[in-house]
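Since the structure comes first, as structure tokens, the remarks are kept for the end.
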Amino acid sequence: MISLQRIRNDTSIPRKYRSPSKNRHELDLMQRHLAGEEPSERHWSAAKRWLKRESFGKCAYCEARTDTVAHGDIEHFRPKTIYWWLAYCWDNWLFACQICNESYKRAQFPVAGARMTEWDLDDAVLSEIAGSLAPCPLDGDARYCLGAYWAEAKAERADLIDPYREDPSSLLAWKVDSIEEAVMVVPASRRAATQRRVKACVRVLGLNREELYRERWAKYVDLKLYVRVRAKLPGNDPLRAEIERKIESMMADDASYAGMCRYFVRRVWKLPL
Ligand SMILES: [Zn+2]
């Protein structure tokens with residue numbers, strides 16, 4: 001997992017997801033909820049290309065590339081089965097692979113604090129609420145601004161890491177198991193909160209599933225070889241510069257398992273790359 005950034009401008013966020021158009025869709029969401037119907041998947045499927053770009057074509061959780069054999073999902077960070085009113089919330093979406101999303105996470109969302117308060121629609125005038133179920137991604141609605149949304153979200157003390165909101169590198173570390181030929185995700189510190197949260201990420205997202213730890217091992221073996229070759233070359237050798245470019249490309253935002261590669265290069269081997 002690496003840090004991601006929302007691109008907040010008129011061209012990156014289609015009009016229907018912004019105020020005032022989003023009012024109409026939130027009205028539809030409330031009507032569906034009262035009628036016991038599912039929210040419309042069509043609503044968020046059009047956002048996939050934008051979220052995929054922000055995620056560099058990789059799953060926001062496991063960092064595997066999704067485009068070779070699958071389309072990838074729009075994932076609701078806060079599951080729509082619990083947080084129905086955030087089903088159409090742009091800031092609740094991220095791009096994820098089907099395995100992290102559908103096989104593992106599903107509707108799980110462990111929190112250590114109090115959950116966000118659910119909207120009570122029973123006596124509400126829906127048309128007055130419409131537009132303020134979720135913040136506008138361009139922060140264009142004073143009734144519910146992004147700052148208020150993030151304050152509520154923070155109070156939940158969610159176990160899972162939202163890579164748009166916090167830097168995963170402060171929580172995640174990687175451990176090599178040469179006998180199993182595996183690289184496992186582990187907590188980066190002994191702090192109780194870090195231990196709890198990373199264990200939840202591993203369990204809920206399946207971050208240590210065999211397919212991942214084997215792929216990470218293969219990447220780690222390549223990375224280590226490049227680092228060893230670099231160490232044997234004099235500083236002015238053109239091959240050393242080439243090797244360094246290769247190592248840097250393995251840590252780039254669009255490289256699979258870049259978070260793991262950065263961890264070993266910068267924190268374990270302490271290379272100035
Ligand atoms: Zn994934």
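Here's how to read the names in the structure tokens: chain A, B, ... by the order shown, residue numbers from 1 in each chain, ligand numbers from 1 in the order shown.
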Contacts of ligand 1, 8 Å or closer, only C-alpha atoms and all ligand atoms, given as a PyMOL selection string: chain A and resi 58-64+66+96-101+205+207
May I have the residues from that selection written out with all heavy atoms, as a short mmCIF file (atom, residue, chain, number, x, y, z; two decimals), in the first residue's frame?
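Writing done, so here's out.cif:
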data_model
loop_
_atom_site.label_atom_id
_atom_site.label_comp_id
_atom_site.auth_asym_id
_atom_site.auth_seq_id
_atom_site.Cartn_x
_atom_site.Cartn_y
_atom_site.Cartn_z
N LYS A 58 -3.17 0.20 -10.09
CA LYS A 58 -2.95 -0.90 -9.14
C LYS A 58 -4.07 -0.92 -8.11
O LYS A 58 -4.71 0.10 -7.85
CB LYS A 58 -1.64 -0.68 -8.36
CG LYS A 58 -0.41 -0.58 -9.20
CD LYS A 58 0.84 -0.46 -8.33
CE LYS A 58 0.89 0.82 -7.54
NZ LYS A 58 2.14 0.96 -6.77
N CYS A 59 -4.24 -2.08 -7.48
CA CYS A 59 -5.17 -2.16 -6.35
C CYS A 59 -4.65 -1.25 -5.23
O CYS A 59 -3.48 -1.33 -4.86
CB CYS A 59 -5.26 -3.61 -5.87
SG CYS A 59 -6.17 -3.80 -4.32
N ALA A 60 -5.52 -0.41 -4.69
CA ALA A 60 -5.10 0.54 -3.65
C ALA A 60 -4.69 -0.17 -2.36
O ALA A 60 -4.00 0.40 -1.54
CB ALA A 60 -6.24 1.52 -3.34
N TYR A 61 -5.12 -1.42 -2.20
CA TYR A 61 -4.77 -2.16 -0.99
C TYR A 61 -3.53 -3.02 -1.16
O TYR A 61 -2.57 -2.90 -0.42
CB TYR A 61 -5.94 -3.06 -0.57
CG TYR A 61 -7.19 -2.34 -0.13
CD1 TYR A 61 -8.44 -2.76 -0.58
CD2 TYR A 61 -7.13 -1.25 0.74
CE1 TYR A 61 -9.60 -2.12 -0.16
CE2 TYR A 61 -8.28 -0.61 1.15
CZ TYR A 61 -9.52 -1.05 0.69
OH TYR A 61 -10.66 -0.41 1.10
N CYS A 62 -3.55 -3.93 -2.15
CA CYS A 62 -2.47 -4.92 -2.24
C CYS A 62 -1.37 -4.51 -3.23
O CYS A 62 -0.32 -5.14 -3.26
CB CYS A 62 -3.02 -6.29 -2.60
SG CYS A 62 -3.56 -6.47 -4.32
N GLU A 63 -1.63 -3.48 -4.04
CA GLU A 63 -0.64 -2.97 -5.00
C GLU A 63 -0.34 -3.93 -6.15
O GLU A 63 0.68 -3.78 -6.82
CB GLU A 63 0.66 -2.58 -4.32
CG GLU A 63 0.66 -1.21 -3.70
CD GLU A 63 2.08 -0.70 -3.52
OE1 GLU A 63 2.61 -0.11 -4.46
OE2 GLU A 63 2.63 -0.93 -2.45
N ALA A 64 -1.18 -4.94 -6.36
CA ALA A 64 -1.03 -5.78 -7.56
C ALA A 64 -1.64 -5.01 -8.74
O ALA A 64 -2.59 -4.25 -8.57
CB ALA A 64 -1.75 -7.10 -7.37
N THR A 66 -3.97 -4.64 -11.77
CA THR A 66 -5.25 -5.33 -11.99
C THR A 66 -5.56 -5.52 -13.47
O THR A 66 -6.39 -6.32 -13.82
CB THR A 66 -6.41 -4.51 -11.39
OG1 THR A 66 -6.39 -3.24 -12.02
CG2 THR A 66 -6.27 -4.36 -9.90
N ALA A 96 -9.83 -1.01 -6.35
CA ALA A 96 -9.25 -2.21 -5.71
C ALA A 96 -9.43 -3.43 -6.61
O ALA A 96 -10.28 -3.44 -7.50
CB ALA A 96 -9.92 -2.46 -4.37
N CYS A 97 -8.62 -4.45 -6.37
CA CYS A 97 -8.77 -5.69 -7.14
C CYS A 97 -9.97 -6.47 -6.60
O CYS A 97 -10.38 -6.28 -5.45
CB CYS A 97 -7.49 -6.52 -7.09
SG CYS A 97 -7.16 -7.35 -5.52
N GLN A 98 -10.48 -7.35 -7.43
CA GLN A 98 -11.65 -8.13 -7.01
C GLN A 98 -11.35 -9.03 -5.82
O GLN A 98 -12.22 -9.32 -5.02
CB GLN A 98 -12.18 -8.98 -8.18
CG GLN A 98 -13.20 -8.28 -9.04
CD GLN A 98 -12.61 -7.72 -10.32
OE1 GLN A 98 -11.40 -7.52 -10.43
NE2 GLN A 98 -13.46 -7.44 -11.29
N ILE A 99 -10.10 -9.49 -5.70
CA ILE A 99 -9.79 -10.44 -4.62
C ILE A 99 -9.79 -9.71 -3.27
O ILE A 99 -10.41 -10.16 -2.31
CB ILE A 99 -8.46 -11.17 -4.88
CG1 ILE A 99 -8.56 -11.95 -6.18
CG2 ILE A 99 -8.14 -12.12 -3.73
CD1 ILE A 99 -7.31 -12.67 -6.59
N CYS A 100 -9.10 -8.57 -3.19
CA CYS A 100 -9.13 -7.80 -1.93
C CYS A 100 -10.57 -7.40 -1.59
O CYS A 100 -11.00 -7.51 -0.44
CB CYS A 100 -8.29 -6.53 -2.07
SG CYS A 100 -6.51 -6.80 -1.95
N ASN A 101 -11.29 -6.95 -2.60
CA ASN A 101 -12.61 -6.38 -2.37
C ASN A 101 -13.69 -7.43 -2.15
O ASN A 101 -14.38 -7.43 -1.13
CB ASN A 101 -12.97 -5.47 -3.55
CG ASN A 101 -14.31 -4.79 -3.39
OD1 ASN A 101 -14.78 -4.59 -2.26
ND2 ASN A 101 -14.94 -4.45 -4.49
N LEU A 205 -8.16 -7.76 4.48
CA LEU A 205 -7.85 -7.58 3.05
C LEU A 205 -7.08 -8.76 2.47
O LEU A 205 -6.83 -8.81 1.26
CB LEU A 205 -7.04 -6.29 2.84
CG LEU A 205 -7.70 -5.00 3.36
CD1 LEU A 205 -6.73 -3.83 3.29
CD2 LEU A 205 -8.97 -4.70 2.57
N LEU A 207 -3.90 -9.50 2.96
CA LEU A 207 -2.63 -8.98 2.42
C LEU A 207 -1.49 -10.00 2.49
O LEU A 207 -0.47 -9.82 1.83
CB LEU A 207 -2.21 -7.71 3.17
CG LEU A 207 -3.11 -6.49 2.95
CD1 LEU A 207 -2.53 -5.26 3.66
CD2 LEU A 207 -3.29 -6.18 1.46
#
Can you tell me, as a PDB file with all heavy atoms, in the first residue's frame, what residues are no more than 8 Å from stretch 172-186 of chain A when counting only C-alpha atoms, ignoring any on the same chain fewer than 3 positions away?
ATOM      1  N   PRO A 168       0.568   4.937   4.483  1.00  0.00           N
ATOM      2  CA  PRO A 168       0.678   3.555   4.974  1.00  0.00           C
ATOM      3  C   PRO A 168       2.087   3.194   5.435  1.00  0.00           C
ATOM      4  O   PRO A 168       2.260   2.285   6.239  1.00  0.00           O
ATOM      5  CB  PRO A 168       0.286   2.708   3.752  1.00  0.00           C
ATOM      6  CG  PRO A 168      -0.469   3.633   2.857  1.00  0.00           C
ATOM      7  CD  PRO A 168       0.118   4.993   3.088  1.00  0.00           C
ATOM      8  N   SER A 169       3.099   3.929   4.955  1.00  0.00           N
ATOM      9  CA  SER A 169       4.475   3.552   5.316  1.00  0.00           C
ATOM     10  C   SER A 169       4.759   3.765   6.807  1.00  0.00           C
ATOM     11  O   SER A 169       5.728   3.232   7.334  1.00  0.00           O
ATOM     12  CB  SER A 169       5.489   4.331   4.467  1.00  0.00           C
ATOM     13  OG  SER A 169       5.520   5.676   4.871  1.00  0.00           O
ATOM     14  N   VAL A 198      -2.663  -3.112  11.705  1.00  0.00           N
ATOM     15  CA  VAL A 198      -2.013  -3.876  10.626  1.00  0.00           C
ATOM     16  C   VAL A 198      -2.536  -5.313  10.608  1.00  0.00           C
ATOM     17  O   VAL A 198      -2.783  -5.889   9.542  1.00  0.00           O
ATOM     18  CB  VAL A 198      -0.473  -3.808  10.756  1.00  0.00           C
ATOM     19  CG1 VAL A 198       0.190  -4.728   9.740  1.00  0.00           C
ATOM     20  CG2 VAL A 198      -0.004  -2.369  10.572  1.00  0.00           C
ATOM     21  N   LYS A 199      -2.736  -5.876  11.789  1.00  0.00           N
ATOM     22  CA  LYS A 199      -3.302  -7.235  11.830  1.00  0.00           C
ATOM     23  C   LYS A 199      -4.693  -7.239  11.193  1.00  0.00           C
ATOM     24  O   LYS A 199      -5.065  -8.190  10.495  1.00  0.00           O
ATOM     25  CB  LYS A 199      -3.355  -7.748  13.273  1.00  0.00           C
ATOM     26  CG  LYS A 199      -1.974  -8.202  13.755  1.00  0.00           C
ATOM     27  CD  LYS A 199      -1.968  -8.597  15.212  1.00  0.00           C
ATOM     28  CE  LYS A 199      -0.533  -8.895  15.648  1.00  0.00           C
ATOM     29  NZ  LYS A 199      -0.382  -8.981  17.096  1.00  0.00           N
ATOM     30  N   VAL A 202      -4.279  -7.113   7.405  1.00  0.00           N
ATOM     31  CA  VAL A 202      -3.838  -8.411   6.881  1.00  0.00           C
ATOM     32  C   VAL A 202      -5.014  -9.392   6.842  1.00  0.00           C
ATOM     33  O   VAL A 202      -5.233 -10.087   5.849  1.00  0.00           O
ATOM     34  CB  VAL A 202      -2.669  -8.963   7.745  1.00  0.00           C
ATOM     35  CG1 VAL A 202      -2.412 -10.435   7.441  1.00  0.00           C
ATOM     36  CG2 VAL A 202      -1.409  -8.127   7.499  1.00  0.00           C
ATOM     37  N   LEU A 207      -3.899  -9.499   2.957  1.00  0.00           N
ATOM     38  CA  LEU A 207      -2.625  -8.984   2.421  1.00  0.00           C
ATOM     39  C   LEU A 207      -1.492 -10.005   2.488  1.00  0.00           C
ATOM     40  O   LEU A 207      -0.469  -9.824   1.826  1.00  0.00           O
ATOM     41  CB  LEU A 207      -2.214  -7.709   3.171  1.00  0.00           C
ATOM     42  CG  LEU A 207      -3.108  -6.489   2.946  1.00  0.00           C
ATOM     43  CD1 LEU A 207      -2.531  -5.264   3.657  1.00  0.00           C
ATOM     44  CD2 LEU A 207      -3.292  -6.180   1.459  1.00  0.00           C
ATOM     45  N   ASN A 208      -1.650 -11.071   3.277  1.00  0.00           N
ATOM     46  CA  ASN A 208      -0.613 -12.105   3.303  1.00  0.00           C
ATOM     47  C   ASN A 208      -1.086 -13.395   2.645  1.00  0.00           C
ATOM     48  O   ASN A 208      -0.640 -14.482   3.011  1.00  0.00           O
ATOM     49  CB  ASN A 208      -0.146 -12.353   4.747  1.00  0.00           C
ATOM     50  CG  ASN A 208       0.827 -11.268   5.203  1.00  0.00           C
ATOM     51  OD1 ASN A 208       1.445 -10.591   4.369  1.00  0.00           O
ATOM     52  ND2 ASN A 208       0.973 -11.093   6.502  1.00  0.00           N
ATOM     53  N   TYR A 213       2.223 -13.034  -1.276  1.00  0.00           N
ATOM     54  CA  TYR A 213       3.559 -13.148  -0.662  1.00  0.00           C
ATOM     55  C   TYR A 213       4.550 -13.798  -1.611  1.00  0.00           C
ATOM     56  O   TYR A 213       5.734 -13.528  -1.532  1.00  0.00           O
ATOM     57  CB  TYR A 213       3.514 -13.758   0.742  1.00  0.00           C
ATOM     58  CG  TYR A 213       3.230 -15.242   0.920  1.00  0.00           C
ATOM     59  CD1 TYR A 213       4.057 -16.223   0.378  1.00  0.00           C
ATOM     60  CD2 TYR A 213       2.163 -15.659   1.719  1.00  0.00           C
ATOM     61  CE1 TYR A 213       3.816 -17.573   0.596  1.00  0.00           C
ATOM     62  CE2 TYR A 213       1.910 -17.002   1.952  1.00  0.00           C
ATOM     63  CZ  TYR A 213       2.735 -17.960   1.386  1.00  0.00           C
ATOM     64  OH  TYR A 213       2.488 -19.288   1.604  1.00  0.00           O
ATOM     65  N   ARG A 214       4.075 -14.622  -2.528  1.00  0.00           N
ATOM     66  CA  ARG A 214       5.002 -15.216  -3.517  1.00  0.00           C
ATOM     67  C   ARG A 214       5.437 -14.159  -4.549  1.00  0.00           C
ATOM     68  O   ARG A 214       6.594 -14.101  -4.942  1.00  0.00           O
ATOM     69  CB  ARG A 214       4.342 -16.387  -4.234  1.00  0.00           C
ATOM     70  CG  ARG A 214       4.081 -17.553  -3.319  1.00  0.00           C
ATOM     71  CD  ARG A 214       4.659 -18.870  -3.844  1.00  0.00           C
ATOM     72  NE  ARG A 214       4.343 -19.954  -2.944  1.00  0.00           N
ATOM     73  CZ  ARG A 214       5.062 -20.267  -1.861  1.00  0.00           C
ATOM     74  NH1 ARG A 214       6.141 -19.589  -1.544  1.00  0.00           N
ATOM     75  NH2 ARG A 214       4.703 -21.274  -1.080  1.00  0.00           N
ATOM     76  N   ARG A 216       5.530 -10.966  -4.081  1.00  0.00           N
ATOM     77  CA  ARG A 216       6.413 -10.008  -3.387  1.00  0.00           C
ATOM     78  C   ARG A 216       7.809 -10.604  -3.229  1.00  0.00           C
ATOM     79  O   ARG A 216       8.807  -9.893  -3.355  1.00  0.00           O
ATOM     80  CB  ARG A 216       5.810  -9.625  -2.014  1.00  0.00           C
ATOM     81  CG  ARG A 216       4.585  -8.741  -2.114  1.00  0.00           C
ATOM     82  CD  ARG A 216       4.263  -8.071  -0.780  1.00  0.00           C
ATOM     83  NE  ARG A 216       3.944  -9.036   0.250  1.00  0.00           N
ATOM     84  CZ  ARG A 216       2.723  -9.243   0.750  1.00  0.00           C
ATOM     85  NH1 ARG A 216       1.693  -8.539   0.317  1.00  0.00           N
ATOM     86  NH2 ARG A 216       2.521 -10.140   1.693  1.00  0.00           N
ATOM     87  N   TRP A 217       7.886 -11.894  -2.966  1.00  0.00           N
ATOM     88  CA  TRP A 217       9.187 -12.558  -2.854  1.00  0.00           C
ATOM     89  C   TRP A 217       9.969 -12.421  -4.168  1.00  0.00           C
ATOM     90  O   TRP A 217      11.159 -12.071  -4.162  1.00  0.00           O
ATOM     91  CB  TRP A 217       8.999 -14.027  -2.485  1.00  0.00           C
ATOM     92  CG  TRP A 217      10.243 -14.857  -2.656  1.00  0.00           C
ATOM     93  CD1 TRP A 217      10.561 -15.663  -3.718  1.00  0.00           C
ATOM     94  CD2 TRP A 217      11.355 -14.933  -1.749  1.00  0.00           C
ATOM     95  NE1 TRP A 217      11.784 -16.237  -3.534  1.00  0.00           N
ATOM     96  CE2 TRP A 217      12.308 -15.808  -2.321  1.00  0.00           C
ATOM     97  CE3 TRP A 217      11.645 -14.353  -0.517  1.00  0.00           C
ATOM     98  CZ2 TRP A 217      13.521 -16.115  -1.717  1.00  0.00           C
ATOM     99  CZ3 TRP A 217      12.856 -14.660   0.099  1.00  0.00           C
ATOM    100  CH2 TRP A 217      13.775 -15.523  -0.504  1.00  0.00           C
ATOM    101  N   TYR A 220      11.204  -8.990  -4.468  1.00  0.00           N
ATOM    102  CA  TYR A 220      12.254  -8.751  -3.471  1.00  0.00           C
ATOM    103  C   TYR A 220      13.593  -9.348  -3.927  1.00  0.00           C
ATOM    104  O   TYR A 220      14.648  -8.717  -3.786  1.00  0.00           O
ATOM    105  CB  TYR A 220      11.821  -9.354  -2.129  1.00  0.00           C
ATOM    106  CG  TYR A 220      12.915  -9.419  -1.100  1.00  0.00           C
ATOM    107  CD1 TYR A 220      13.283  -8.297  -0.366  1.00  0.00           C
ATOM    108  CD2 TYR A 220      13.604 -10.609  -0.868  1.00  0.00           C
ATOM    109  CE1 TYR A 220      14.306  -8.358   0.570  1.00  0.00           C
ATOM    110  CE2 TYR A 220      14.632 -10.684   0.059  1.00  0.00           C
ATOM    111  CZ  TYR A 220      14.976  -9.555   0.766  1.00  0.00           C
ATOM    112  OH  TYR A 220      16.000  -9.619   1.691  1.00  0.00           O
ATOM    113  N   MET A 260       6.569  -2.019  -0.607  1.00  0.00           N
ATOM    114  CA  MET A 260       7.553  -2.967  -0.081  1.00  0.00           C
ATOM    115  C   MET A 260       8.961  -2.592  -0.543  1.00  0.00           C
ATOM    116  O   MET A 260       9.912  -2.595   0.249  1.00  0.00           O
ATOM    117  CB  MET A 260       7.211  -4.389  -0.550  1.00  0.00           C
ATOM    118  CG  MET A 260       8.242  -5.424  -0.145  1.00  0.00           C
ATOM    119  SD  MET A 260       8.125  -6.981  -1.066  1.00  0.00           S
ATOM    120  CE  MET A 260       8.824  -6.508  -2.659  1.00  0.00           C
ATOM    121  N   TYR A 263      10.311   0.297   1.349  1.00  0.00           N
ATOM    122  CA  TYR A 263      10.647  -0.093   2.719  1.00  0.00           C
ATOM    123  C   TYR A 263      12.053  -0.700   2.783  1.00  0.00           C
ATOM    124  O   TYR A 263      12.870  -0.293   3.609  1.00  0.00           O
ATOM    125  CB  TYR A 263       9.599  -1.094   3.238  1.00  0.00           C
ATOM    126  CG  TYR A 263       9.961  -1.711   4.566  1.00  0.00           C
ATOM    127  CD1 TYR A 263       9.792  -0.999   5.758  1.00  0.00           C
ATOM    128  CD2 TYR A 263      10.493  -2.994   4.630  1.00  0.00           C
ATOM    129  CE1 TYR A 263      10.136  -1.559   6.970  1.00  0.00           C
ATOM    130  CE2 TYR A 263      10.842  -3.562   5.848  1.00  0.00           C
ATOM    131  CZ  TYR A 263      10.664  -2.844   7.013  1.00  0.00           C
ATOM    132  OH  TYR A 263      11.022  -3.399   8.222  1.00  0.00           O
TER     133      TYR A 263
END
Selection near A:Tyr144, 8 Å with only C-alpha atoms, sequence-local residues under 5 positions removed, as a PyMOL selection string: chain A and resi 132-136+149
For the selection just defined, write its residues with C-alpha atoms to a file, as a PDB file, in the first residue's frame.
ATOM      1  CA  SER A 132     -25.735  16.690   2.397  1.00  0.00           C
ATOM      2  CA  LEU A 133     -25.501  12.918   2.892  1.00  0.00           C
ATOM      3  CA  ALA A 134     -21.884  13.093   1.799  1.00  0.00           C
ATOM      4  CA  PRO A 135     -19.466  15.957   1.140  1.00  0.00           C
ATOM      5  CA  CYS A 136     -19.006  17.325  -2.358  1.00  0.00           C
ATOM      6  CA  TYR A 149     -16.624  14.506   7.069  1.00  0.00           C
TER       7      TYR A 149
END
Interatomic distance, atom CA of A:Asp159 to atom CA of A:Leu29 (Å, one decimal): 27.0 Å
Residues of stretch 70-194 of chain A in strand (DSSP E or B), written as number ranges by chain: A: 73-76, 93-96, 111, 158, 172-177, 182-187
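Comparing A:Glu54, A:Glu38, A:Asp91, A:Glu118 by their smallest distance to A:Ser3, the closest is A:Glu54 (using only C-alpha atoms).
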Nearest residue to A:Trp90 from the set A:Arg197, A:His71, A:Arg115, A:Lys16 (distances using only C-alpha atoms): A:Lys16
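Separating atom CA of A:Ser249 from atom CA of A:Asp222 is a distance of 12.3 Å.
Taking only C-alpha atoms into account, A:Ala153 lies nearest to A:Gly113 out of the set A:Gly36, A:Gly113, A:Gly259, A:Pro272.
Taking atom CA of A:Val125 as the reference point, atom CA of A:Ala47 is found at 28.7 Å.
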Residue list (alpha helix (DSSP H), DSSP) for stretch 21-270 of chain A, as a ChimeraX atom specification: /A:21-34,41-45,48-54,98,126-129,146-155,192-205,210-232,238-250,258-262
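Among the candidates A:Ala188, A:Ala114, A:Arg8, A:Gly57, the residue lying nearest to A:Glu152 is A:Ala114 (atoms considered: only C-alpha atoms).
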Polymer residues at most 9 Å from A:Lys48, only C-alpha atoms, same-chain spacing of 5 or more positions, as a ChimeraX atom specification: /A:53,72-74,94-95
Save the residues we just selected, C-alpha atoms, as a PDB file, in the first residue's frame?
ATOM      1  CA  ARG A  53      -5.688   6.632 -12.609  1.00  0.00           C
ATOM      2  CA  GLY A  72     -10.834  -4.046 -10.941  1.00  0.00           C
ATOM      3  CA  ASP A  73     -13.616  -2.745  -8.710  1.00  0.00           C
ATOM      4  CA  ILE A  74     -14.769   0.525  -7.311  1.00  0.00           C
ATOM      5  CA  LEU A  94     -11.070   3.710  -4.157  1.00  0.00           C
ATOM      6  CA  PHE A  95      -9.881   1.373  -6.876  1.00  0.00           C
TER       7      PHE A  95
END
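Remark: for A:Ala112, the closest of the candidate residues A:Ile161, A:Ala193, A:Leu51, A:Val69 is A:Ala193 (distances computed over only C-alpha atoms).
Shell of A:Trp44 at 10 Å, with only C-alpha atoms counted and residues fewer than 6 places along the chain excluded, is A:Tyr17, A:Asp73, A:Ile74, A:Glu75, A:His76, A:Ala87, A:Tyr88, A:Cys89, A:Trp90, A:Trp93.
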